[in-house]
Every structure is written in C-alpha cells, then in structure tokens.
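Next comes entry_24.cif, a file with mmCIF, C-alpha atoms.
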```cif
data_run
loop_
_atom_site.group_PDB
_atom_site.id
_atom_site.type_symbol
_atom_site.label_atom_id
_atom_site.label_comp_id
_atom_site.auth_asym_id
_atom_site.auth_seq_id
_atom_site.Cartn_x
_atom_site.Cartn_y
_atom_site.Cartn_z
ATOM 1 C CA MET A 1104 -148.942 2.948 88.612
ATOM 2 C CA LYS A 1105 -147.149 6.319 88.863
ATOM 3 C CA GLU A 1106 -149.241 7.793 86.042
ATOM 4 C CA PHE A 1107 -152.492 6.623 87.653
ATOM 5 C CA ILE A 1108 -151.571 8.178 91.016
ATOM 6 C CA LYS A 1109 -150.603 11.469 89.322
ATOM 7 C CA VAL A 1110 -154.044 11.734 87.678
ATOM 8 C CA MET A 1111 -155.860 10.788 90.885
ATOM 9 C CA LYS A 1112 -153.899 13.329 92.921
ATOM 10 C CA ALA A 1113 -154.635 16.005 90.323
ATOM 11 C CA LEU A 1114 -158.344 15.428 90.891
ATOM 12 C CA SER A 1115 -158.047 15.379 94.690
ATOM 13 C CA ASP A 1116 -158.587 19.130 95.065
ATOM 14 C CA PRO A 1117 -162.093 20.630 94.716
ATOM 15 C CA ASN A 1118 -160.789 23.738 92.913
ATOM 16 C CA ARG A 1119 -159.049 21.563 90.309
ATOM 17 C CA VAL A 1120 -162.256 19.616 89.703
ATOM 18 C CA LYS A 1121 -164.154 22.908 89.321
ATOM 19 C CA LEU A 1122 -161.483 24.169 86.960
ATOM 20 C CA LEU A 1123 -161.859 21.081 84.763
ATOM 21 C CA LYS A 1124 -165.639 21.469 84.713
ATOM 22 C CA MET A 1125 -165.254 25.082 83.521
ATOM 23 C CA LEU A 1126 -162.788 24.048 80.826
ATOM 24 C CA GLN A 1127 -165.335 21.522 79.565
ATOM 25 C CA LYS A 1128 -167.427 24.475 78.473
ATOM 26 C CA ARG A 1129 -164.723 26.661 76.927
ATOM 27 C CA THR A 1130 -161.080 27.588 76.771
ATOM 28 C CA MET A 1131 -160.092 30.066 79.478
ATOM 29 C CA CYS A 1132 -157.106 32.157 80.543
ATOM 30 C CA VAL A 1133 -155.738 32.408 84.088
ATOM 31 C CA CYS A 1134 -157.490 35.701 84.839
ATOM 32 C CA GLU A 1135 -160.893 34.225 83.864
ATOM 33 C CA ILE A 1136 -160.305 31.144 86.016
ATOM 34 C CA GLN A 1137 -159.144 33.318 88.891
ATOM 35 C CA ALA A 1138 -162.274 35.470 88.704
ATOM 36 C CA ALA A 1139 -164.599 32.473 88.506
ATOM 37 C CA LEU A 1140 -163.024 30.562 91.402
ATOM 38 C CA GLY A 1141 -162.204 33.619 93.523
ATOM 39 C CA ILE A 1142 -158.663 32.443 94.280
ATOM 40 C CA ALA A 1143 -155.250 34.095 93.831
ATOM 41 C CA GLN A 1144 -153.430 34.003 90.487
ATOM 42 C CA PRO A 1145 -150.437 32.018 91.832
ATOM 43 C CA THR A 1146 -152.852 29.406 93.195
ATOM 44 C CA VAL A 1147 -154.604 29.129 89.828
ATOM 45 C CA SER A 1148 -151.243 28.724 88.107
ATOM 46 C CA LYS A 1149 -150.225 26.003 90.569
ATOM 47 C CA HIS A 1150 -153.483 24.112 89.964
ATOM 48 C CA LEU A 1151 -153.059 24.412 86.195
ATOM 49 C CA LYS A 1152 -149.495 23.067 86.397
ATOM 50 C CA ILE A 1153 -150.645 20.022 88.374
ATOM 51 C CA LEU A 1154 -153.459 19.354 85.885
ATOM 52 C CA GLU A 1155 -151.092 19.847 82.970
ATOM 53 C CA ASP A 1156 -148.508 17.461 84.445
ATOM 54 C CA ALA A 1157 -151.257 14.851 84.816
ATOM 55 C CA GLY A 1158 -152.169 15.189 81.125
ATOM 56 C CA LEU A 1159 -155.614 16.656 81.813
ATOM 57 C CA VAL A 1160 -155.060 20.250 80.674
ATOM 58 C CA GLY A 1161 -153.107 21.780 77.834
ATOM 59 C CA ARG A 1162 -152.166 25.329 76.986
ATOM 60 C CA GLU A 1163 -151.718 27.325 73.838
ATOM 61 C CA LYS A 1164 -150.106 30.716 73.480
ATOM 62 C CA ASP A 1165 -152.132 33.304 71.572
ATOM 63 C CA GLY A 1166 -150.135 36.523 71.456
ATOM 64 C CA LEU A 1167 -149.839 37.650 75.061
ATOM 65 C CA TRP A 1168 -152.617 35.312 76.171
ATOM 66 C CA VAL A 1169 -152.166 31.732 77.317
ATOM 67 C CA ASN A 1170 -155.334 29.740 76.724
ATOM 68 C CA TYR A 1171 -156.019 26.618 78.775
ATOM 69 C CA SER A 1172 -158.249 23.786 77.629
ATOM 70 C CA LEU A 1173 -158.877 20.128 78.301
ATOM 71 C CA THR A 1174 -156.634 17.689 76.479
ATOM 72 C CA ASP A 1175 -157.827 14.727 74.484
ATOM 73 C CA GLY A 1176 -156.122 12.496 77.048
ATOM 74 C CA ILE A 1177 -153.766 11.037 74.486
ATOM 75 C CA ARG A 1178 -150.794 11.114 76.892
ATOM 76 C CA SER A 1179 -152.486 8.932 79.461
ATOM 77 C CA PRO A 1180 -155.271 6.352 79.322
ATOM 78 C CA TYR A 1181 -156.180 7.348 82.892
ATOM 79 C CA ALA A 1182 -156.543 11.003 81.940
ATOM 80 C CA ALA A 1183 -158.591 10.064 78.860
ATOM 81 C CA SER A 1184 -160.931 7.881 80.892
ATOM 82 C CA LEU A 1185 -161.422 10.458 83.632
ATOM 83 C CA LEU A 1186 -161.996 13.317 81.214
ATOM 84 C CA GLY A 1187 -164.617 11.251 79.405
ATOM 85 C CA ASN A 1188 -166.414 10.367 82.619
ATOM 86 C CA LEU A 1189 -166.105 13.824 84.157
ATOM 87 C CA ARG A 1190 -168.376 15.160 81.407
ATOM 88 C CA HIS A 1191 -171.230 13.273 83.083
ATOM 89 C CA TRP A 1192 -170.192 13.614 86.699
ATOM 90 C CA LEU A 1193 -171.373 16.442 88.960
ATOM 91 C CA ALA A 1194 -173.907 17.741 86.419
ATOM 92 C CA ASP A 1195 -176.535 17.896 89.172
ATOM 93 C CA ASP A 1196 -174.263 19.504 91.788
ATOM 94 C CA PRO A 1197 -175.697 22.954 92.656
ATOM 95 C CA GLY A 1198 -172.253 24.456 93.332
ATOM 96 C CA ILE A 1199 -170.937 23.316 89.950
ATOM 97 C CA ARG A 1200 -174.058 24.572 88.166
ATOM 98 C CA ASP A 1201 -173.713 27.997 89.814
ATOM 99 C CA LEU A 1202 -170.014 28.167 88.984
ATOM 100 C CA LEU A 1203 -170.638 27.318 85.332
ATOM 101 C CA GLU A 1204 -173.365 29.953 85.061
ATOM 102 C CA ARG A 1205 -171.091 32.584 86.662
ATOM 103 C CA SER A 1206 -168.144 31.639 84.483
ATOM 104 C CA ASP A 1207 -170.217 32.109 81.322
ATOM 105 C CA ALA A 1208 -170.311 35.852 81.989
ATOM 106 C CA ILE A 1209 -166.606 36.208 82.755
ATOM 107 C CA ARG A 1210 -164.569 37.496 79.827
ATOM 108 C CA ARG A 1211 -160.872 38.354 79.786
ATOM 109 C CA GLU A 1212 -161.497 41.608 77.932
ATOM 110 C CA ASN A 1213 -163.525 42.863 80.904
ATOM 111 C CA LEU A 1214 -160.925 41.724 83.426
ATOM 112 C CA CYS A 1215 -157.617 42.671 81.876
ATOM 113 C CA GLY A 1216 -158.578 44.785 78.883
ATOM 114 C CA PRO A 1217 -157.911 43.869 75.277
ATOM 115 C CA ARG A 1218 -154.440 42.724 74.326
ATOM 116 C CA ASP A 1219 -152.995 43.089 70.870
#
```
In structure tokens, what does this structure look like?
Amino acid sequence: MKEFIKVMKALSDPNRVKLLKMLQKRTMCVCEIQAALGIAQPTVSKHLKILEDAGLVGREKDGLWVNYSLTDGIRSPYAASLLGNLRHWLADDPGIRDLLERSDAIRRENLCGPRD
C-alpha cells in the first residue's frame, strides 16, 4: 500500500500534474519547467524529486543539462497505470491546453544560453 500512497500523493499537487502533462509532450530541463509554470527553481526541483521518488519521472544527464522525462512506469504498477491514463485525462482542460501551448515555445537555449 505504501507504493500506491506515494504515487497518489505525488499527483496531489496541481503543479506536479501540470509538470507531468508537459513531460508527455517532450523532455524538459528545470529552467524550461520553471519558465512554463512560473514557479521558483527550488520548488520545481522539489516537485521533480517527489515525482521521481514515485516512479513517474526519470532524469538523464546530458553534459551540464539534466533532462527530465516520464518513465515507462516499470518500477511501479501504480505509476504505469496512472501515466497511461493521464495521457487521456485533462485534454479538454483550458488551463492545461494553454500551458502546453506556452511550453512549446520555451527553449532552454533562450533561457540559459547554450551549454557545451
């Protein structure tokens, strides 16, 4: 039951749900997520850690960048089920639609400059 509660708690915050919806579209770094959600970097990092601990989000280092993406849910059947269903949920929510449109235009190179 612990695993189930961890996944449910991870989805109990609106910003974490928004973050997952953005990651459905593409891999993003912290600065892109921060710009899209309009929240502080430490808050974004805290949300990502909670989602990662629940098995919903994974990260991959790419030079100086850390890229975040949705997992395949292999660590948890609850995470897998929710990630599969979340693809269909909230598609008609105006706030989510606006966020996804805004996030399409946000690029790390414009926020932080190129990193080699």
*Cut-off 12 Å around (-170.7, 29.8, 87.9) with only C-alpha atoms: residues as a PyMOL selection string*: chain A and resi 1121-1122+1124-1125+1128+1135-1136+1138-1141+1196-1209
_Nearest candidate to Leu1185 of chain A (options A:Lys1105, A:Arg1210, A:Gly1166, A:Val1120; using all atoms listed in the file)_ =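 The shortest atom-to-atom distance to Leu1185 of chain A comes from A:Val1120.
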*Can you work out the spacing between atom CA of Met1111 of chain A and atom CA of Trp1168 of chain A in Å, to one decimal?*
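Distance reported for this atom pair: 28.8 Å.
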Produce the centre coordinates and the three edge lengths, each in Å to one decimal, of the box along x, y and z that contains all listed atoms of segment 1128-1141 of chain A with 6 Å added on each side, as JSON.
```
{"center_x": -161.6, "center_y": 30.1, "center_z": 85.1, "size_x": 23.7, "size_y": 23.2, "size_z": 28.8}
```
*asked:* Under the rule that only C-alpha atoms are counted, which of A:Gly1187, A:Cys1134, A:Gly1161, A:His1150 is the nearest residue to Leu1114 of chain A?
replied: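 So, comparing all the options, the nearest one is A:His1150.
Closest approach to Tyr1171 of chain A from the set A:Leu1189, A:Thr1130, A:Ala1183, A:Glu1155 is made by A:Thr1130, with distances taken over all atoms listed in the file.
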*Would you list the contacts of Met1104 of chain A as a ChimeraX atom specification, taking every protein, DNA or RNA residue within 12 Å and counting only C-alpha atoms, but skipping same-chain residues closer than 2 positions in sequence?*
/A:1106-1111,1179-1181
*Between A:Ser1184, A:Asn1213, A:Asn1170, A:Asn1118, which has the minimum distance to Thr1146 of chain A (counting only C-alpha atoms)?*
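The shortest atom-to-atom distance to Thr1146 of chain A comes from A:Asn1118.
Each of A:Ala1113, A:Gln1127, A:Cys1215, A:Arg1119 was checked against Asn1188 of chain A using only C-alpha atoms; the smallest atom-to-atom distance is that of A:Gln1127.
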*So, counting all atoms listed in the file, which residue among A:Leu1126, A:Val1169, A:Leu1186, A:Met1131 is closest to Ala1157 of chain A?*
A:Leu1186
*One decimal, Å: what's the distance from atom CA of Arg1190 of chain A over to atom CA of Ile1153 of chain A, could you say?*
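Going from atom CA of Arg1190 of chain A over to atom CA of Ile1153 of chain A, I get 19.7 Å.
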*In Å, rounded to a single decimal, give me how far atom CA of Arg1211 of chain A is from atom CA of Leu1193 of chain A.*
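So the two atoms, atom CA of Leu1193 of chain A and atom CA of Arg1211 of chain A, lie 26.0 Å apart.
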